[in-house]
Amino acid sequence: MNCSSFCPACSTGPRCHAVTIPSCCQQGWNRVEVCIVTTECTRFENALVIRGGAIGDFILTLPVFQTLRQAAPRANIEVLGYPRIASLAVSSGLAQRAVSIESRGLEAFFVAGAELPDVWSRYFKQFDLIVSFLFDPHATFSKNVESVSGARYVSGCYRPADGVKRHASDQLLDPLAALGFEVTEHEPRLSVDAPDTNPGCDSPLLAVHPGSGSERKNWPIEAWGELLGRLLRANRSLGLAIFGGEADGERIDRLSSALPPERVTVSFEQPLKEVAMHLALCAFYIGHDSGISHLAAAVGCRGIVLWGPTDPDTWRPRSRRFDIITAGPDLRDLTVDDVHDACVRGWGRI
């Protein structure tokens with residue numbers, strides 16, 4: 001396939017060519033053909049990144065924003081996704097605005113032959129680069145967007161593939177690498193401002209997230225209680241910050257009720273920007289395979305993740321300051337001694 005249109009970034013002529021980049025879908029591993037431009041056509045003024053998914057999915061996509069921002073520090077970059085999550089990119093300066101992918105009228109773009117709303121047609125028309133990570137197996141969305149926008153449109157995998165010995169963040173960077181962008185940032189990073197007040201500012205804070213999106217990924221709550229009680233007894237100045245979302249309520253209640261209340265703070269269902277700020281203040285983190293663990297790694301925490309059944313080569317937090325510890329696919333086989341020893345090795349002050 002050859003691209004006969006002029007490059008919208010520099011108008012130097014038809015300099016595009018077709019390649020295939022790795023992608024994936026619910027049916028398994030496949031290849032997706034995209035039209036890319038040569039390196040001198042990587043300039044842009046207005047870029048849109050379309051990214052849904054959960055917290056961890058978005059965090060692992062941050063190197064895409066980092067690469068775009070590095071290539072064009074003054075460009076306008078927007079996110080079409082879930083604002084509660086996508087606002088992390090805005091608050092850290094990686095994007096200017098987050099727009100909801102659930103907004104009224106946008107559903108028409110997922111229907112072949114639909115009448116496309118003018119307001120959304122004008123929205124897509126303002127961009128000269130669109131990078132999409134939507135599940136769009138029949139290219140319905142991309143064709144509709146391309147019919148109203150002159151942007152370079154490139155699709156990446158909506159869900160990185162397991163078992164290919166490539167980290168998810170690398171797979172998500174494939175569209176930009178194919179376009180010719182220089183990729184130097186592979187670790188997700190978030191810049192956050194520390195809160196004005198911190199009740200534990202005179203003591204080291206240990207952050208924990210004892211839940212996840214799946215019970216299979218959770219260490220038994222009784223083991224959590226034994227570990228944290230042991231750590232608090234060993235270090236009388238240690239403060240404990242417990243984080244959780246709506247799926248973690250019962251686990252957090254059980255855990256916090258078994259620990260000394262004067263040394264424990266609970267952050268439950270807080271805005272992610274606030275969670276990120278408080279995680280950045282913590283000296284060490286312990287969690288599961290969860291979005292909060294990816295968030296802790298992205299703000300620069302040191303920590304460990306108790307790893308269960310998923311593929312660590314693909315899904316582990318991408319940070320040199322994080323380690324994973326596992327005894328196999330069943331976290332019930334992981335002992336309190338195992339985790340305690342990993343904390344001592346990783347933190348060194350317990």
# chains A, B, ... in the order shown; residues from 1 in each chain; ligands from 1
>>> closest_atom_pairs(of="region 258-330 of chain A", to="region 50-58 of chain A", cutoff="10 Å", atoms="only C-alpha atoms", output="CSV")
residue,atom,partner,partner_atom,distance
A:Leu272,CA,A:Ile55,CA,9.1
A:Asp289,CA,A:Gly56,CA,9.1
A:Ser290,CA,A:Gly56,CA,6.6
A:Gly291,CA,A:Gly56,CA,3.9
A:Ile292,CA,A:Gly56,CA,7.3
A:Ser293,CA,A:Gly56,CA,8.1
A:His294,CA,A:Gly56,CA,5.8
A:Leu295,CA,A:Gly56,CA,7.4
A:Trp315,CA,A:Gly56,CA,8.9
A:Arg316,CA,A:Gly56,CA,9.9
A:Pro317,CA,A:Gly56,CA,8.8
>>> write_last_selection(atoms="N, CA and C atoms", output="PDB file, in the first residue's frame")
ATOM      1  N   LEU A 272      -7.341   9.944  41.675  1.00  0.00           N
ATOM      2  CA  LEU A 272      -6.025   9.364  41.396  1.00  0.00           C
ATOM      3  C   LEU A 272      -4.896  10.376  41.521  1.00  0.00           C
ATOM      4  N   ASP A 289      -0.506  -7.171  41.754  1.00  0.00           N
ATOM      5  CA  ASP A 289      -0.569  -6.863  40.326  1.00  0.00           C
ATOM      6  C   ASP A 289      -1.822  -6.004  40.110  1.00  0.00           C
ATOM      7  N   SER A 290      -1.663  -4.692  40.198  1.00  0.00           N
ATOM      8  CA  SER A 290      -2.807  -3.781  40.150  1.00  0.00           C
ATOM      9  C   SER A 290      -2.405  -2.443  39.557  1.00  0.00           C
ATOM     10  N   GLY A 291      -3.415  -1.647  39.205  1.00  0.00           N
ATOM     11  CA  GLY A 291      -3.147  -0.315  38.680  1.00  0.00           C
ATOM     12  C   GLY A 291      -2.461   0.579  39.696  1.00  0.00           C
ATOM     13  N   ILE A 292      -2.792   0.435  40.982  1.00  0.00           N
ATOM     14  CA  ILE A 292      -2.157   1.260  42.010  1.00  0.00           C
ATOM     15  C   ILE A 292      -0.670   0.946  42.108  1.00  0.00           C
ATOM     16  N   SER A 293      -0.300  -0.307  41.918  1.00  0.00           N
ATOM     17  CA  SER A 293       1.126  -0.650  41.917  1.00  0.00           C
ATOM     18  C   SER A 293       1.838   0.024  40.756  1.00  0.00           C
ATOM     19  N   HIS A 294       1.219   0.032  39.579  1.00  0.00           N
ATOM     20  CA  HIS A 294       1.816   0.735  38.438  1.00  0.00           C
ATOM     21  C   HIS A 294       1.920   2.233  38.717  1.00  0.00           C
ATOM     22  N   LEU A 295       0.913   2.783  39.393  1.00  0.00           N
ATOM     23  CA  LEU A 295       0.941   4.201  39.734  1.00  0.00           C
ATOM     24  C   LEU A 295       2.070   4.507  40.715  1.00  0.00           C
ATOM     25  N   TRP A 315       3.549  -7.661  32.122  1.00  0.00           N
ATOM     26  CA  TRP A 315       2.695  -6.805  32.932  1.00  0.00           C
ATOM     27  C   TRP A 315       3.309  -6.264  34.207  1.00  0.00           C
ATOM     28  N   ARG A 316       4.517  -6.631  34.560  1.00  0.00           N
ATOM     29  CA  ARG A 316       5.081  -6.117  35.806  1.00  0.00           C
ATOM     30  C   ARG A 316       5.273  -4.602  35.708  1.00  0.00           C
ATOM     31  N   PRO A 317       5.254  -3.887  36.854  1.00  0.00           N
ATOM     32  CA  PRO A 317       5.550  -2.453  36.813  1.00  0.00           C
ATOM     33  C   PRO A 317       6.911  -2.192  36.180  1.00  0.00           C
TER      34      PRO A 317
END
>>> residues_around(residues="region 214-222 of chain A", least_positions_apart="6", cutoff="10 Å", atoms="only C-alpha atoms", output="PDB file with C-alpha atoms, in the first residue's frame")
ATOM      1  CA  ALA A 247     -13.453  -3.366  45.109  1.00  0.00           C
ATOM      2  CA  ARG A 251     -10.299  -6.237  52.683  1.00  0.00           C
ATOM      3  CA  ILE A 252      -9.237  -2.789  53.871  1.00  0.00           C
ATOM      4  CA  ARG A 254     -10.537  -6.186  57.926  1.00  0.00           C
ATOM      5  CA  LEU A 255      -6.897  -5.205  57.654  1.00  0.00           C
ATOM      6  CA  ALA A 258      -6.394  -5.406  63.141  1.00  0.00           C
ATOM      7  CA  GLY A 287       1.107  -4.300  46.595  1.00  0.00           C
ATOM      8  CA  HIS A 288      -0.351  -6.742  44.103  1.00  0.00           C
ATOM      9  CA  ASP A 289      -0.569  -6.863  40.326  1.00  0.00           C
ATOM     10  CA  SER A 290      -2.807  -3.781  40.150  1.00  0.00           C
ATOM     11  CA  LEU A 306       3.409  -9.837  45.246  1.00  0.00           C
ATOM     12  CA  TRP A 307       2.988 -11.491  41.865  1.00  0.00           C
ATOM     13  CA  GLY A 308       0.470 -14.151  40.962  1.00  0.00           C
ATOM     14  CA  PRO A 309      -0.847 -15.756  37.783  1.00  0.00           C
ATOM     15  CA  THR A 310      -0.198 -13.125  35.072  1.00  0.00           C
ATOM     16  CA  PRO A 329       0.621 -18.739  40.239  1.00  0.00           C
ATOM     17  CA  ASP A 330      -1.120 -19.186  43.622  1.00  0.00           C
ATOM     18  CA  LEU A 331      -0.251 -16.368  46.012  1.00  0.00           C
ATOM     19  CA  ARG A 332      -1.350 -18.501  48.967  1.00  0.00           C
ATOM     20  CA  ASP A 333       1.982 -20.318  48.552  1.00  0.00           C
ATOM     21  CA  LEU A 334       3.854 -17.087  49.365  1.00  0.00           C
ATOM     22  CA  THR A 335       4.850 -16.999  53.039  1.00  0.00           C
ATOM     23  CA  VAL A 336       5.015 -14.014  55.373  1.00  0.00           C
TER      24      VAL A 336
END
>>> closest_residue(among="A:Asp174, A:Glu146, A:Asp193, A:Asp338", to="Lys273 (chain A)", atoms="only C-alpha atoms")
A:Asp193
>>> residues_around(residues="Arg97 (chain A)", least_positions_apart="2", cutoff="9 Å", atoms="only C-alpha atoms", output="VMD selection string")
chain A and resid 76 to 80 86 to 87 89 to 90 95 99
>>> write_last_selection(atoms="N, CA and C atoms", output="CSV table (one decimal), in the first residue's frame")
chain,number,residue,atom,x,y,z
A,76,ASN,N,0.3,20.8,21.3
A,76,ASN,CA,-0.9,20.5,22.0
A,76,ASN,C,-1.2,19.0,22.0
A,77,ILE,N,-1.3,18.3,23.1
A,77,ILE,CA,-1.5,16.9,23.2
A,77,ILE,C,-2.8,16.7,24.0
A,78,GLU,N,-3.7,15.9,23.5
A,78,GLU,CA,-5.0,15.7,24.2
A,78,GLU,C,-5.2,14.1,24.3
A,79,VAL,N,-6.0,13.8,25.3
A,79,VAL,CA,-6.4,12.4,25.5
A,79,VAL,C,-7.9,12.2,25.4
A,80,LEU,N,-8.2,11.2,24.6
A,80,LEU,CA,-9.6,10.7,24.6
A,80,LEU,C,-9.7,9.4,25.3
A,86,ALA,N,-7.3,9.4,32.7
A,86,ALA,CA,-6.5,10.2,31.8
A,86,ALA,C,-6.1,11.5,32.3
A,87,SER,N,-6.7,12.0,33.4
A,87,SER,CA,-6.3,13.3,34.0
A,87,SER,C,-4.9,13.2,34.6
A,89,ALA,N,-2.3,12.2,33.1
A,89,ALA,CA,-1.4,12.8,32.1
A,89,ALA,C,-1.5,14.3,32.0
A,90,VAL,N,-2.7,14.8,32.3
A,90,VAL,CA,-2.9,16.3,32.3
A,90,VAL,C,-2.2,16.9,33.5
A,95,ALA,N,-0.1,16.1,28.9
A,95,ALA,CA,-1.2,16.4,28.0
A,95,ALA,C,-1.9,17.7,28.5
A,99,VAL,N,-10.6,14.3,27.4
A,99,VAL,CA,-12.0,14.3,26.9
A,99,VAL,C,-12.5,12.9,27.1
>>> select_by_dssp(residues="region 44-128 of chain A", states="alpha helix (DSSP H)", output="MDAnalysis selection string")
chainID A and resid 55:60 62:71 83:91 118:125
>>> closest_residue(among="A:Val145, A:Val339, A:Leu68, A:Ile286", to="Glu182 (chain A)", atoms="only C-alpha atoms")
A:Leu68
>>> atom_distance(atom1="CA of Leu60 (chain A)", atom2="CA of Ile242 (chain A)")
22.9 Å
>>> closest_residue(among="A:Thr265, A:Ala207, A:Ser237, A:Gly225", to="Ile304 (chain A)", atoms="only C-alpha atoms")
A:Ala207
>>> closest_atom_pairs(of="region 309-328 of chain A", to="region 157-170 of chain A", cutoff="7 Å", atoms="only C-alpha atoms", output="tab-separated table")
residue	atom	partner	partner_atom	distance
A:Asp311	CA	A:Asp162	CA	6.4
A:Asp313	CA	A:His167	CA	5.7
A:Thr314	CA	A:His167	CA	4.1
A:Trp315	CA	A:Ala168	CA	6.2
>>> write_last_selection(atoms="N, CA and C atoms", output="PDB file, in the first residue's frame")
ATOM      1  N   ASP A 311       1.515 -12.813  33.392  1.00  0.00           N
ATOM      2  CA  ASP A 311       2.851 -12.881  32.804  1.00  0.00           C
ATOM      3  C   ASP A 311       3.685 -11.675  33.245  1.00  0.00           C
ATOM      4  N   ASP A 313       6.738 -10.805  32.452  1.00  0.00           N
ATOM      5  CA  ASP A 313       7.506 -10.203  31.366  1.00  0.00           C
ATOM      6  C   ASP A 313       6.706  -9.137  30.638  1.00  0.00           C
ATOM      7  N   THR A 314       5.384  -9.275  30.654  1.00  0.00           N
ATOM      8  CA  THR A 314       4.513  -8.319  29.976  1.00  0.00           C
ATOM      9  C   THR A 314       3.967  -7.263  30.919  1.00  0.00           C
ATOM     10  N   TRP A 315       3.549  -7.661  32.122  1.00  0.00           N
ATOM     11  CA  TRP A 315       2.695  -6.805  32.932  1.00  0.00           C
ATOM     12  C   TRP A 315       3.309  -6.264  34.207  1.00  0.00           C
TER      13      TRP A 315
END
>>> residues_around(residues="Ser100 (chain A)", least_positions_apart="3", cutoff="8 Å", atoms="only C-alpha atoms", output="PyMOL selection string")
chain A and resi 80-83+103
>>> closest_residue(among="A:Ala112, A:Ser149, A:Val131, A:Leu205", to="Ala47 (chain A)", atoms="only C-alpha atoms")
A:Val131
>>> residues_around(residues="Gln270 (chain A)", least_positions_apart="4", cutoff="9 Å", atoms="only C-alpha atoms", output="PyMOL selection string")
chain A and resi 243-245+274-275
>>> residues_around(residues="Arg69 (chain A)", least_positions_apart="4", cutoff="12 Å", atoms="only C-alpha atoms", output="VMD selection string")
chain A and resid 43 to 49 62 to 65 73 to 78 89 to 90 92 to 96 181 to 185
>>> residues_around(residues="Gly300 (chain A)", least_positions_apart="5", cutoff="10 Å", atoms="only C-alpha atoms", output="MDAnalysis selection string")
chainID A and resid 188:192 276 279:284 295 319:322
>>> write_last_selection(atoms="N, CA and C atoms", output="compact mmCIF listing (two decimals), in the first residue's frame")
# COMPACT_ATOMS: atom_id res chain seq x y z
N PRO A 188 7.24 4.23 32.47
CA PRO A 188 6.21 5.24 32.74
C PRO A 188 6.64 6.14 33.89
N ARG A 189 6.48 7.45 33.70
CA ARG A 189 6.87 8.40 34.73
C ARG A 189 5.78 9.47 34.87
N LEU A 190 5.46 9.79 36.12
CA LEU A 190 4.50 10.85 36.42
C LEU A 190 5.15 11.86 37.36
N SER A 191 5.07 13.13 37.00
CA SER A 191 5.51 14.19 37.89
C SER A 191 4.33 14.63 38.73
N VAL A 192 4.51 14.68 40.04
CA VAL A 192 3.41 15.06 40.93
C VAL A 192 3.91 16.10 41.91
N ALA A 276 -1.70 9.63 43.76
CA ALA A 276 -0.34 9.75 43.23
C ALA A 276 0.52 10.65 44.11
N LEU A 279 1.35 8.75 47.33
CA LEU A 279 2.30 7.66 47.08
C LEU A 279 3.72 8.20 46.91
N ALA A 280 3.84 9.38 46.30
CA ALA A 280 5.16 9.95 46.07
C ALA A 280 5.87 10.29 47.38
N LEU A 281 5.11 10.45 48.47
CA LEU A 281 5.69 10.75 49.77
C LEU A 281 6.14 9.51 50.53
N CYS A 282 5.73 8.35 50.07
CA CYS A 282 6.00 7.11 50.82
C CYS A 282 7.40 6.59 50.54
N ALA A 283 7.99 6.03 51.56
CA ALA A 283 9.36 5.53 51.44
C ALA A 283 9.43 4.17 50.76
N PHE A 284 8.34 3.39 50.87
CA PHE A 284 8.35 2.04 50.30
C PHE A 284 6.90 1.65 50.03
N LEU A 295 0.91 2.78 39.39
CA LEU A 295 0.94 4.20 39.73
C LEU A 295 2.07 4.51 40.72
N SER A 319 9.76 -0.37 36.26
CA SER A 319 10.57 0.53 37.08
C SER A 319 11.76 -0.23 37.63
N ARG A 320 12.91 0.40 37.57
CA ARG A 320 14.11 -0.20 38.13
C ARG A 320 14.08 -0.18 39.65
N ARG A 321 13.14 0.54 40.23
CA ARG A 321 13.03 0.63 41.69
C ARG A 321 12.04 -0.38 42.25
N PHE A 322 11.45 -1.20 41.38
CA PHE A 322 10.45 -2.17 41.81
C PHE A 322 10.94 -3.59 41.55
>>> atom_distance(atom1="CA of Phe133 (chain A)", atom2="CA of Ser155 (chain A)")
6.0 Å
>>> atom_distance(atom1="CA of Ser142 (chain A)", atom2="CA of Ala98 (chain A)")
19.5 Å
>>> closest_residue(among="A:Gly211, A:Cys301, A:Ile130, A:Pro175", to="Glu246 (chain A)", atoms="only C-alpha atoms")
A:Gly211
>>> select_by_dssp(residues="region 71-315 of chain A", states="strand (DSSP E)", output="PyMOL selection string")
chain A and resi 76-81+97-100+129-132+152-155+205-209+239-244+264-268+284-288+303-306
